[in-house]
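Here the structure is laid out as structure tokens; the discussion comes afterwards.
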Amino acid sequence: MPEGIKWFKELSKSDVGIAGGKGANLGEMTQAGLPVPPGFTITTPTYRRFTQATGILDQIKDVVHGLDVDDNAALLQTAEDAKRIVVGAKMPKDVADLIAAAYKALCDQEGEELYVAVRSSATAEDTAEASFAGMNETFLNVRGKKDVLDSVKKCWASLYGARVIFYRVKQGFESWGMEMGVVVQKMADADKAGVAFTQNPATGAPNELIIEAAFGLADPVVAGEISPDYYLVEKDTLNILDQQVKYKKFKRVRRDGQTVDIDLSEEEGRRQVLDEDEIKAVAKVCRDIENHYAWGQDIEWAIEDSKIYIVQSRPITTLDMAKEAEGIADEDAEVLLRGLGAAPGRASGEVRILRNVEDGVNLNEGDILVTVMTAPDWVPLMRKASAIVTDQGGMTCHAAIVSRELGIPAIVGTDGATTTLEDGTLVTVDGSTGDIFAGRLAVKKEDKSEAVVGRGLPVTATKVLVNLGEPSLAERIAKLPVDGIGLLRAEFMIIEACEGIHPRRFVEEHGAEMFVERMYKSLLTFARAFNPRPITYRTMDFRSNEFRDLQGGNDYEPNEANPMIGYRGSFRYVTEPDLFKLELEAVKRVRGVGLRNLHVMLPFVRTISEVRQLVKYIDEIGLFDDMFFDLWVMAEVPSVVYYMDQYQKLGVRGISIGSNDLTQLVLAIDRDSEVLAPLFNEMDEAVLDHIRQLLERAGELGMKSSICGQAPSVFPEYASKLVQWGIDSISVNWDVIEQTIRNVASAEQKLLLEDARARR
């Protein structure tokens with residue numbers, strides 16, 4: 001079997017059939033003189049010899065025959081069965097000897113028993129027609145004959161991973177029988193590594209080269225496990241146009257022959273990965289690769305002892321779609337479906353219909369996530385999507401609120417998106433109008449005069465704050481012209497801290513200290529980014545149905561007919577004080593390191609007895625010992641206006657009006673109901689009058705007052721009334737900060753003008 005092994009120097013890009021996409025590209029770059037670590041490819045005839053000698057293909061064909069890849073449970077089970085067949089088969093002696101001999105020759109060439117990377121190289125992988133990036137397996141820091149042979153078999157087995165089978169079928173490939181080469185390559189023991197795109201994959205801009213970088217190996221960057229540094233380079237001149245240094249939580253490195261993750265300190269994690277010379281050096285090598293291929297490339301690179309290595313390169317498969325962004329004009333587009341435009345913006349991508357969180361295995365980066373309704377444990381999936389579409393929900397449902405915070409377009413309350421839209425079809429979602437169009441529409445160009453956030457904005461006496469909850473946005477939003485965070489939601493942080501597990505189950509399994517420490521780190525991220533501007537942290541306010549959707553939630557949550565007004569908010573803390581105390585401990589630790597800008601807000605307060613009990617817990621933990629600590633309550637329940645003087649006597653210093661829940665309770669409208677959505681109106685006179693009473697009473701008692709909701713940014717007259725009634729601050733989502741500042745400034749100027757005229 002002489003063709004069973006091919007060294008990189010023997011391969012070119014035309015050898016995909018025998019070496020797979022990755023092996024062919026590494027050979028092509030080696031022949032071009034690019035800095036590729038040495039290695040060889042176990043060819044597809046070798047895999048074919050393995051399948052023929054073991055007879056596994058007939059077994060696999062029987063397993064996958066008739067599989068409905070849209071049936072997630074069946075897909076997962078079939079994938080596991082198929083992989084088990086491959087891994088369990090004994091490798092023929094001639095195949096094992098061939099691979100072992102090639103590994104020994106590579107080691108002899110380098111003068112030591114090498115650590116190698118063993119990577120899949122499928123025949124439809126890393127080509128211009130399709131990219132199976134990240135779907136087939138890679139094994140790092142493999143050393144020794146036995147481990148190399150085991151890793152090769154595992155690579156072959158990864159041909160039958162759930163994501164691979166699903167993607168192959170949707171891309172028109174056969175669900176079984178594809179052949180695979182396997183790359184065995186000297187492992188770069190990287191000090192720094194990452195990925196690069198030689199053209200902007202989102203916009204198709206041909207002269208924009210993007211580099212993402214992290215400490216250690218590149219795998220956490222590729223897998224999206226960390227937020228890498230971001231560098232935007234002008235390709236022709238290598239001038240650095242933009243750089244964003246992110247907080248890297250850990251680095252993946254080789255230690256004692258094992259691939260391990262090492263947590264980074266706050267200082268290490270915030271250090272810039274590449275200096276200016278390194279950015280330009282990586283960019284130049286990547287530019288050389290693109291010039292060689294004459295096509296935009298998605299490249300994985302590494303730096304070891306100041307030397308740059310290229311680990312792999314593949315064509316950017318989305319460039320044609322990006323270039324089509326100017327294709328279909330609005331007037332020529334077909335409207336497939338309409339709903340409520342819940343988060344502004346326009347995005348295009350393939351429809352991915354998810355029935356539950358487990359279906360998320362099918363969601364690719366940039367897909368349009370279509371489902372009945374999202375819940376808190378969907379947030380990690382929502383981060384991957386380019387837009388969200390739901391059957392149910394109104395403007396204040398979970399999908400709408402989270403999408404606005406994440407800055408992605410969303411349409412809710414379509415009634416039938418999951419049954420009308422077809423999985424895998426290309427659509428454009430316009431979250432401003434609520435329209436879903438067939439195909440990819442032209443991107444709406446923004447007014448260049450508004451391109452620089454904050455430029456030319458008026459100064460206001462009324463503070464404009466931001467609603468936030470997503471830790472990854474903290475540093476970015478802190479640069480905006482806001483006076484602090486008026487509503488820091490606990491929910492995103494708790495989902496992340498507990499890894500999608502119900503908090504009570506998480507504490508039972510991992511201990512209270514781990515929960516506190518993780519919450520402390522998340523809160524610290526916000527406190528540092530915004531210091532000294534104030535942050536008001538609203539402790540968790542999951543409803544029972546949302547809690548139940550978390551892993552293990554069924555063991556702890558009641559079944560309620562209307563959870564919107566059920567077991568939630570402050571009453572839950574009175575009943576289950578232990579979790580509340582853990583949150584308070586995390587807050588105390590943040591304030592204990594000198595970040596005294598972090599304050600606490602009690603959610604969904606109904607009665608004086610709740611506040612009295614929770615104030616007792618806050619006092620016991622020592623937060624009231626600091627005279628600069630502020631305790632707030634959410635003013636969502638109409639009873640708050642009645643109890644305000646008693647709240648003030650208990651030490652509450654401020655109220656924040658939750659306009660969504662307040663509107664719901666004043667008008668008796670379930671805000672999650674798409675049927676009642678036409679009646680939901682924050683501008684209703686009854687709602688406005690209740691807000692007036694709250695603000696005027698707060699002023700009389702010397703309490704601070706705020707509101708968290710979108711109405712002040714949408715309705716100038718709403719902002720005018722709030723200012724007139726004496727509100728201290730207005731908190732909105734980050735995407736409408738500028739408009740809110742302008743509305744508030746206009747309201748303040750109107751009051752001054754009216755006062756001046758009255759004095760004449």
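Residue names in the structure tokens use chain letters A, B, ... in the order shown, residue numbers from 1 in each chain, and ligand numbers from 1 in the order shown.
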
ask   = Where in segment 84-257 of chain A does DSSP assign helix (DSSP H, G or I), given as a PyMOL selection string?
value = chain A and resi 84-88+93-110+145-160+162-170+219-222

message = Just list as a ChimeraX atom specification whatever in segment 320-384 of chain A DSSP marks as strand (DSSP E or B).
response = /A:328,335-338,340-343,346-353,368-371

task = Write out as JSON, numbers by chain which residues come within 7 Å of Ala474 of chain A when counting only C-alpha atoms, dropping same-chain ones fewer than 6 positions away.
result = {"A": [525, 526, 529]}

inquiry  = I want to know what sits within 9 Å of Pro503 of chain A, based on only C-alpha atoms, with residues of the same chain fewer than 2 positions away left out; could you give that as a list in words?
reply    =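 The contact residues come out as Ile494, Ile495, Ala497, Cys498, Gly500, Ile501, Arg505, Phe506, Val507, Glu508, Phe515, Phe547, Leu550, Gly553 and Leu579 of chain A.
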
key: Atomic separation - atom CA of Glu576 of chain A relative to atom CA of Gly622 of chain A, Å   =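 For atom CA of Gly622 of chain A relative to atom CA of Glu576 of chain A, the distance reads 19.6 Å.
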
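Taking atom CA of Asp541 of chain A and atom CA of Leu487 of chain A as endpoints, the distance between them is 12.3 Å.
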
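The spacing separating atom CA of Arg383 of chain A from atom CA of Leu480 of chain A amounts to 21.2 Å.
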
ask   = Near segment 353-361 of chain A, counting only C-alpha atoms, which residues have an atom at most 8 Å away, once you skip same-chain residues fewer than 5 positions from it, shown as a VMD selection string?
value = chain A and resid 72 162 to 163 369 to 372 377 to 378 381 418 422 to 423

ask   = Phe250 of chain A: which residues within 6 Å, counting only C-alpha atoms, same-chain residues fewer than 2 positions away excluded, as a PyMOL selection string?
value = chain A and resi 248+262-264

Take the residues just selected and output them with N, CA, C and O atoms as an mmCIF file, in the first residue's frame.
data_model
loop_
_atom_site.group_PDB
_atom_site.id
_atom_site.type_symbol
_atom_site.label_atom_id
_atom_site.label_comp_id
_atom_site.auth_asym_id
_atom_site.auth_seq_id
_atom_site.Cartn_x
_atom_site.Cartn_y
_atom_site.Cartn_z
ATOM 1 N N LYS A 248 -9.220 37.255 28.575
ATOM 2 C CA LYS A 248 -9.099 35.830 28.301
ATOM 3 C C LYS A 248 -9.088 35.075 29.631
ATOM 4 O O LYS A 248 -8.156 35.231 30.427
ATOM 5 N N ILE A 262 -5.315 26.440 31.940
ATOM 6 C CA ILE A 262 -4.783 27.160 33.096
ATOM 7 C C ILE A 262 -5.498 28.501 33.220
ATOM 8 O O ILE A 262 -5.494 29.309 32.282
ATOM 9 N N ASP A 263 -6.129 28.714 34.356
ATOM 10 C CA ASP A 263 -6.809 29.987 34.594
ATOM 11 C C ASP A 263 -5.794 31.121 34.620
ATOM 12 O O ASP A 263 -4.693 30.980 35.162
ATOM 13 N N LEU A 264 -6.177 32.246 34.038
ATOM 14 C CA LEU A 264 -5.324 33.424 34.030
ATOM 15 C C LEU A 264 -5.791 34.410 35.092
ATOM 16 O O LEU A 264 -6.992 34.556 35.332
#

For segment 698-708 of chain A, find every residue with an atom within 6 Å (counting only C-alpha atoms), except residues of its own chain fewer than 5 positions away, and show them as a CSV table (one decimal) with N, CA, C and O atoms, in the first residue's frame.
chain,number,residue,atom,x,y,z
A,653,ARG,N,-33.3,53.2,49.6
A,653,ARG,CA,-32.9,54.6,49.2
A,653,ARG,C,-33.4,54.9,47.8
A,653,ARG,O,-33.3,56.1,47.3
A,654,GLY,N,-33.9,53.9,47.0
A,654,GLY,CA,-34.4,54.3,45.7
A,654,GLY,C,-35.4,53.3,45.2
A,654,GLY,O,-35.5,52.1,45.6
A,655,ILE,N,-36.2,53.7,44.2
A,655,ILE,CA,-37.1,52.8,43.5
A,655,ILE,C,-36.8,52.9,42.0
A,655,ILE,O,-36.4,53.9,41.5
A,656,SER,N,-36.9,51.7,41.4
A,656,SER,CA,-36.7,51.7,39.9
A,656,SER,C,-38.0,51.1,39.3
A,656,SER,O,-38.3,50.0,39.6
A,657,ILE,N,-38.6,51.8,38.5
A,657,ILE,CA,-39.9,51.4,37.9
A,657,ILE,C,-39.6,50.4,36.8
A,657,ILE,O,-39.0,50.7,35.8
A,658,GLY,N,-40.2,49.2,36.9
A,658,GLY,CA,-40.1,48.2,35.9
A,658,GLY,C,-41.4,48.4,35.0
A,658,GLY,O,-42.4,47.9,35.3
A,727,ILE,N,-38.1,62.6,37.8
A,727,ILE,CA,-37.3,61.4,37.8
A,727,ILE,C,-35.8,61.7,37.8
A,727,ILE,O,-35.3,62.7,37.2
A,728,ASP,N,-35.0,60.9,38.5
A,728,ASP,CA,-33.5,61.2,38.7
A,728,ASP,C,-32.7,60.5,37.5
A,728,ASP,O,-31.7,61.1,37.1
A,729,SER,N,-33.2,59.4,37.0
A,729,SER,CA,-32.4,58.7,36.0
A,729,SER,C,-33.4,57.8,35.2
A,729,SER,O,-34.5,57.4,35.6
A,730,ILE,N,-32.9,57.5,33.9
A,730,ILE,CA,-33.7,56.7,33.0
A,730,ILE,C,-32.7,55.6,32.5
A,730,ILE,O,-31.6,56.0,32.0
A,731,SER,N,-33.1,54.4,32.6
A,731,SER,CA,-32.2,53.3,32.2
A,731,SER,C,-32.8,52.5,31.0
A,731,SER,O,-33.9,52.1,31.0
A,732,VAL,N,-32.0,52.4,29.9
A,732,VAL,CA,-32.5,51.8,28.6
A,732,VAL,C,-31.5,50.8,28.1
A,732,VAL,O,-30.4,50.8,28.6

task = Could you check which of A:Ser121, A:Asn291, A:Asn200, A:Ser348 is closest to Val427 of chain A, using only C-alpha atoms?
result =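 Between A:Ser121, A:Asn291, A:Asn200, A:Ser348, the residue approaching Val427 of chain A most closely is A:Ser348.
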
task = Select, from A:Val466, A:Cys107, A:Val637, A:Ala89, the residue with the minimum atom-to-atom distance to Lys153 of chain A, counting only C-alpha atoms.
result =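 When distances to Lys153 of chain A are compared using only C-alpha atoms, the smallest one comes from A:Ala89.
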
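Closest to Gly345 of chain A among A:Arg404, A:Lys384, A:His510, A:Arg606 is A:Arg404, based on only C-alpha atoms.
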
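Among the candidate residues A:Thr44, A:Asn362, A:Asn239, A:Ser120, the one lying nearest to Val169 of chain A is A:Asn362, with distances computed using only C-alpha atoms.
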